[in-house]
Every structure is written in C-alpha cells, then in structure tokens.
Amino acid sequence: MREKTTWERFFDAHAPIYEDNVFTKNTVHEVDFLLEELHLPPGGSVLDVGCGTGRHAIELAERGYAVTGLDLSSEMLSIAADAAKAESVHVEWIRANATQFTMPERYDAVVCLCEGAFGLLGQSDDPIDQPLSILCNISRSLKPRARAVFTVLNAAAMIRRFQDKDVAEGRFDPFTMVESSECAPQEGLPAVAVRERAFVPTELILLFRIAGMSVLNMWGGTAGNWGRRPLDLDEIEIMIVACKTAELSAAGAAAKPRA
Ligand SMILES: C[S@@+](CC[C@H](N)C(=O)[O-])C[C@H]1O[C@@H](n2cnc3c(N)ncnc32)[C@H](O)[C@@H]1O
C-alpha cells in the first residue's frame, strides 16, 4: 500500500476543521483579486494547485471558469467535492502530488495559494528540488504567456521569529529556510512532524526564471489579508504574480516530474 506523506496525513486529519481557520474567510474578495491579476479569457481554464477544500476553485467555477482542483489529501478533496455539489458547480478534482502532476499547455492560469504544496516539504524532500519540481510542473501546464498567482512563506518573517537556540535545537535551518515542527491536526489528535520552507524574493525570481516564468509583481500577501502593498519584514506570506515567458531552462528541464 502507498505510504502517505506527512502533509497528506496532516491535512487528511485537519480537513474537517480546515475552514474554521480565520484566514479562509475572505475567499470572494480573494477571487476578485485573482481575476484582476490572471487576465483570463471568458470561461478560461484554471488549475488550483493544493486546492484544499476547494474554496477558490468553487468560487472560480461559479464565475464560469473551467477549474481543476489538485490536492494531495483525499479528505480535503472529499470536502471540496461535497461543497461543489452543494453549490451545483462542476470542478474536476484530482488527487495527486504537485511534484508529479503536469498537463502540458492545458491551462489559461494556475493558482497555488496559502502554501498549496509550494513550501510544504515531505520529510525527505530536498528544499530546492521539491519546490523547483512543482514550479516546473506548473510552468509546463500553463499555455504560453498565461499567468499564475502564488502565496508563499516569507523567509524574512521566519528568520525574525527564530533565535540561535532554535537553530541549535533543529527548529529552524538558516541555510535552507526550513522550519521543522510538530503540529496536531486537531485538538486531541497526535502531532505530525512537518517541514515548512520559506523563500526570499531574489531566490523566487531565480526559481521562477529556471521554470520559464517571469515574476511580474511581488507584494505582501498574508492569508486573509491580500493587497498590492510592499512586502514588509514581518509579512507572513509573499504574493507572487508570474507569467510563463519561456521554455524551461536546462536546469528546469532537468527537474523532471518526479515518480
Ligand atoms: C494550507 S492548505 C491551502 C488550501 C487552499 N489553497 C486554500 O487557500 O485554502 C495546503 C493544501 O496543499 C495540499 N498539499 C500539500 N502538499 C501538496 C503536494 N505536494 N501536492 C498537492 N497538494 C499538496 C494540502 O493537502 C492542503 O490541502
């Protein structure tokens, strides 16, 4: 039997209470924001990577777009599918790991929000190769010139939260910007050991370039508080608007969809 990754275990158990998180309460406004940035044709196709319980995917489908929601967690997807059914909208739901999923040039836009896969590392994932493989898969899936919006953890804020003691005790790695912690998916359930990767803006520009995408804008984009504002040091998340501009570079082409 296939062994679940740590994030899959975490989100399978967290799924029933995911939408209690306060940062999930601004979805309609967030989709307005996405549509201003994505420049979609009417009825265009959108891939939501790490779609979770489908809040953006369903809202986009309600507005007439052809949406695919991709997620690692079957429990998150099951809640998403029930919600879409309740709203009588069609969304294509796919359970897959974003490091392995690509549909060459199928989509007019991709969204990857609230660390939907990007920055959520498995225990043995390499902190450069794993996010790069997700970016390359997303880039491959975009039509030429199509746009993508991401929100990812801000390394500056992560660094400011930690002390040398945290580094010595293995909670934060200043070389890879990886936080390691134990997180209970629900009160009363056993904690799961997880790894979260934050990013600095310059490396994001470089990673996107390797994947054949240009970063058009970066703003402060903390979940529940999106806006076109400069990134400050304590902003938890960075919002990235990018555009597919080129074929994968040699380094990107080497980052094959992982088996
Ligand atoms: C914090 S939730 C964000 C959900 C949604 N994008 C939102 O904004 O509410 C992160 C989601 O990413 C999914 N995820 C984590 N790693 C993934 C991977 N490698 N491939 C696909 N989905 C992944 C999780 O299962 C979870 O549903």
# chains A, B, ... in the order shown; residues from 1 in each chain; ligands from 1

$ residues_around --residues "range 222-236 of chain A" --least-positions-apart "6" --cutoff "12 Å" --atoms "only C-alpha atoms" --output "PyMOL selection string"
chain A and resi 21-34+36-37+113-116+149-161+198-201

$ residues_around --residues "range 138-145 of chain A" --least-positions-apart "6" --cutoff "6 Å" --atoms "only C-alpha atoms" --output "JSON list (two decimals) with C-alpha atoms, in the first residue's frame"
[["chain", "number", "residue", "atom", "x", "y", "z"],
["A", 102, "THR", "CA", 1.59, 18.18, -15.17],
["A", 103, "MET", "CA", -0.78, 18.70, -18.14],
["A", 104, "PRO", "CA", 1.30, 20.34, -20.87],
["A", 105, "GLU", "CA", -0.10, 23.73, -22.01],
["A", 106, "ARG", "CA", -3.63, 22.92, -20.84],
["A", 107, "TYR", "CA", -4.35, 25.91, -18.58],
["A", 108, "ASP", "CA", -5.03, 29.66, -19.06],
["A", 243, "CYS", "CA", 3.76, 34.86, -16.34],
["A", 244, "LYS", "CA", 5.02, 31.98, -18.48],
["A", 245, "THR", "CA", 7.53, 33.61, -20.78]]

$ atom_distance --atom1 "CA of Ala253 in chain A" --atom2 "CA of Ser124 in chain A"
21.9 Å

$ closest_atom_pairs --of "chain A" --to "ligand 1" --cutoff "6 Å" --atoms "only C-alpha atoms and all ligand atoms" --output "Markdown table"
| residue | atom | partner | partner_atom_place_in_ligand_line | distance |
| --- | --- | --- | --- | --- |
| A:Trp7 | CA | ligand 1 | 15 (C) | 5.7 |
| A:Glu8 | CA | ligand 1 | 25 (O) | 5.5 |
| A:Phe11 | CA | ligand 1 | 25 (O) | 5.1 |
| A:Thr24 | CA | ligand 1 | 9 (O) | 5.9 |
| A:Gly50 | CA | ligand 1 | 12 (O) | 3.6 |
| A:Cys51 | CA | ligand 1 | 6 (N) | 4.2 |
| A:Gly52 | CA | ligand 1 | 27 (O) | 3.3 |
| A:Asp71 | CA | ligand 1 | 22 (N) | 3.8 |
| A:Leu72 | CA | ligand 1 | 22 (N) | 4.0 |
| A:Ser73 | CA | ligand 1 | 25 (O) | 4.4 |
| A:Met76 | CA | ligand 1 | 27 (O) | 5.7 |
| A:Ala96 | CA | ligand 1 | 21 (C) | 5.9 |
| A:Asn97 | CA | ligand 1 | 20 (N) | 3.6 |
| A:Ala98 | CA | ligand 1 | 20 (N) | 3.8 |
| A:Thr99 | CA | ligand 1 | 19 (N) | 5.8 |
| A:Leu113 | CA | ligand 1 | 6 (N) | 4.4 |
| A:Cys114 | CA | ligand 1 | 8 (O) | 4.5 |
| A:Glu115 | CA | ligand 1 | 10 (C) | 5.4 |
| A:Gly116 | CA | ligand 1 | 12 (O) | 3.6 |
| A:Ala117 | CA | ligand 1 | 16 (N) | 3.6 |
| A:Leu120 | CA | ligand 1 | 16 (N) | 5.4 |

$ write_last_selection --atoms "all heavy atoms" --output "CSV table (one decimal), in the first residue's frame"
chain,number,residue,atom,x,y,z
A,7,TRP,N,2.5,15.6,5.1
A,7,TRP,CA,1.5,16.6,4.9
A,7,TRP,C,0.1,16.0,4.5
A,7,TRP,O,-0.9,16.6,4.8
A,7,TRP,CB,1.9,17.6,3.8
A,7,TRP,CG,2.9,18.6,4.4
A,7,TRP,CD1,4.2,18.8,4.1
A,7,TRP,CD2,2.6,19.6,5.4
A,7,TRP,NE1,4.8,19.8,4.9
A,7,TRP,CE2,3.8,20.3,5.7
A,7,TRP,CE3,1.5,20.0,6.1
A,7,TRP,CZ2,3.9,21.4,6.6
A,7,TRP,CZ3,1.5,21.0,7.0
A,7,TRP,CH2,2.8,21.7,7.3
A,8,GLU,N,0.2,14.9,3.8
A,8,GLU,CA,-1.1,14.2,3.5
A,8,GLU,C,-1.8,13.7,4.7
A,8,GLU,O,-3.0,13.9,4.9
A,8,GLU,CB,-0.8,13.1,2.5
A,8,GLU,CG,-2.0,12.3,2.0
A,8,GLU,CD,-1.6,11.2,1.1
A,8,GLU,OE1,-0.4,11.0,0.8
A,8,GLU,OE2,-2.5,10.5,0.6
A,11,PHE,N,-3.2,16.9,6.6
A,11,PHE,CA,-4.4,17.5,6.0
A,11,PHE,C,-5.5,16.5,6.0
A,11,PHE,O,-6.7,17.0,6.1
A,11,PHE,CB,-4.1,18.1,4.6
A,11,PHE,CG,-3.4,19.5,4.8
A,11,PHE,CD1,-2.1,19.7,4.5
A,11,PHE,CD2,-4.2,20.6,5.2
A,11,PHE,CE1,-1.5,20.9,4.7
A,11,PHE,CE2,-3.6,21.8,5.4
A,11,PHE,CZ,-2.2,22.0,5.2
A,24,THR,N,-9.4,31.7,6.1
A,24,THR,CA,-10.1,31.1,4.9
A,24,THR,C,-11.4,32.0,4.7
A,24,THR,O,-12.2,31.6,3.8
A,24,THR,CB,-10.6,29.7,5.2
A,24,THR,OG1,-11.5,29.6,6.3
A,24,THR,CG2,-9.4,28.8,5.5
A,50,GLY,N,-2.9,22.4,-4.9
A,50,GLY,CA,-3.1,22.4,-3.4
A,50,GLY,C,-4.4,23.2,-3.1
A,50,GLY,O,-4.4,24.0,-2.2
A,51,CYS,N,-5.5,22.7,-3.7
A,51,CYS,CA,-6.7,23.4,-3.7
A,51,CYS,C,-7.4,23.3,-2.3
A,51,CYS,O,-8.4,24.0,-2.0
A,51,CYS,CB,-7.7,23.0,-4.8
A,51,CYS,SG,-8.1,21.2,-4.6
A,52,GLY,N,-7.0,22.3,-1.5
A,52,GLY,CA,-7.6,22.1,-0.2
A,52,GLY,C,-9.1,21.8,-0.3
A,52,GLY,O,-9.5,20.9,-1.1
A,71,ASP,N,-5.0,18.2,-5.3
A,71,ASP,CA,-4.6,18.2,-3.9
A,71,ASP,C,-4.1,16.8,-3.6
A,71,ASP,O,-4.5,15.8,-4.2
A,71,ASP,CB,-5.7,18.6,-3.0
A,71,ASP,CG,-5.1,19.1,-1.7
A,71,ASP,OD1,-4.7,18.3,-0.8
A,71,ASP,OD2,-5.1,20.4,-1.5
A,72,LEU,N,-3.2,16.8,-2.6
A,72,LEU,CA,-2.6,15.5,-2.1
A,72,LEU,C,-3.5,14.8,-1.2
A,72,LEU,O,-3.5,13.6,-1.0
A,72,LEU,CB,-1.3,16.0,-1.3
A,72,LEU,CG,-0.3,15.0,-0.8
A,72,LEU,CD1,0.3,14.2,-2.0
A,72,LEU,CD2,0.8,15.8,-0.1
A,73,SER,N,-4.4,15.5,-0.5
A,73,SER,CA,-5.2,15.0,0.6
A,73,SER,C,-6.6,14.6,0.1
A,73,SER,O,-7.4,15.4,-0.4
A,73,SER,CB,-5.4,16.0,1.7
A,73,SER,OG,-6.5,15.7,2.5
A,76,MET,N,-9.4,16.4,2.2
A,76,MET,CA,-9.6,17.8,1.7
A,76,MET,C,-10.5,17.8,0.5
A,76,MET,O,-11.4,18.5,0.3
A,76,MET,CB,-8.3,18.5,1.5
A,76,MET,CG,-7.4,18.7,2.7
A,76,MET,SD,-8.1,19.9,4.0
A,76,MET,CE,-7.3,21.4,3.5
A,96,ALA,N,-3.4,14.2,-6.4
A,96,ALA,CA,-2.1,13.9,-6.9
A,96,ALA,C,-1.1,14.8,-6.2
A,96,ALA,O,-1.5,15.8,-5.5
A,96,ALA,CB,-2.0,14.3,-8.4
A,97,ASN,N,0.2,14.4,-6.2
A,97,ASN,CA,1.2,15.2,-5.7
A,97,ASN,C,1.7,16.2,-6.7
A,97,ASN,O,2.0,15.9,-7.8
A,97,ASN,CB,2.4,14.3,-5.3
A,97,ASN,CG,3.4,15.0,-4.4
A,97,ASN,OD1,3.7,16.2,-4.6
A,97,ASN,ND2,4.0,14.3,-3.4
A,98,ALA,N,1.7,17.5,-6.3
A,98,ALA,CA,2.1,18.6,-7.3
A,98,ALA,C,3.5,18.4,-7.9
A,98,ALA,O,3.9,18.9,-8.9
A,98,ALA,CB,2.0,19.9,-6.7
A,99,THR,N,4.3,17.6,-7.2
A,99,THR,CA,5.7,17.3,-7.7
A,99,THR,C,5.6,16.4,-8.9
A,99,THR,O,6.6,16.2,-9.6
A,99,THR,CB,6.6,16.7,-6.7
A,99,THR,OG1,6.0,15.5,-6.2
A,99,THR,CG2,6.8,17.6,-5.5
A,113,LEU,N,-2.1,28.7,-3.7
A,113,LEU,CA,-2.4,29.7,-2.7
A,113,LEU,C,-2.3,29.1,-1.3
A,113,LEU,O,-2.6,28.0,-1.0
A,113,LEU,CB,-3.8,30.3,-2.9
A,113,LEU,CG,-4.0,30.8,-4.3
A,113,LEU,CD1,-5.5,31.1,-4.6
A,113,LEU,CD2,-3.2,32.1,-4.5
A,114,CYS,N,-1.8,30.0,-0.4
A,114,CYS,CA,-1.8,29.6,1.0
A,114,CYS,C,-0.9,28.4,1.2
A,114,CYS,O,-1.3,27.4,1.9
A,114,CYS,CB,-3.2,29.3,1.4
A,114,CYS,SG,-3.7,30.0,2.9
A,115,GLU,N,0.3,28.4,0.6
A,115,GLU,CA,1.2,27.2,0.6
A,115,GLU,C,0.5,26.0,0.1
A,115,GLU,O,0.6,24.9,0.7
A,115,GLU,CB,1.8,26.9,1.9
A,115,GLU,CG,2.7,28.0,2.4
A,115,GLU,CD,2.0,28.8,3.5
A,115,GLU,OE1,1.8,28.3,4.6
A,115,GLU,OE2,1.6,29.9,3.2
A,116,GLY,N,-0.3,26.1,-1.0
A,116,GLY,CA,-0.9,25.0,-1.6
A,116,GLY,C,0.3,24.2,-2.3
A,116,GLY,O,0.6,24.4,-3.4
A,117,ALA,N,0.9,23.3,-1.6
A,117,ALA,CA,2.0,22.4,-2.0
A,117,ALA,C,3.4,23.2,-2.0
A,117,ALA,O,4.3,22.6,-1.5
A,117,ALA,CB,1.8,21.8,-3.4
A,120,LEU,N,5.6,23.2,1.2
A,120,LEU,CA,5.3,22.2,2.2
A,120,LEU,C,6.1,20.9,1.8
A,120,LEU,O,5.8,20.2,0.9
A,120,LEU,CB,3.8,21.8,2.2
A,120,LEU,CG,2.9,23.0,2.5
A,120,LEU,CD1,1.4,22.6,2.5
A,120,LEU,CD2,3.2,23.7,3.8
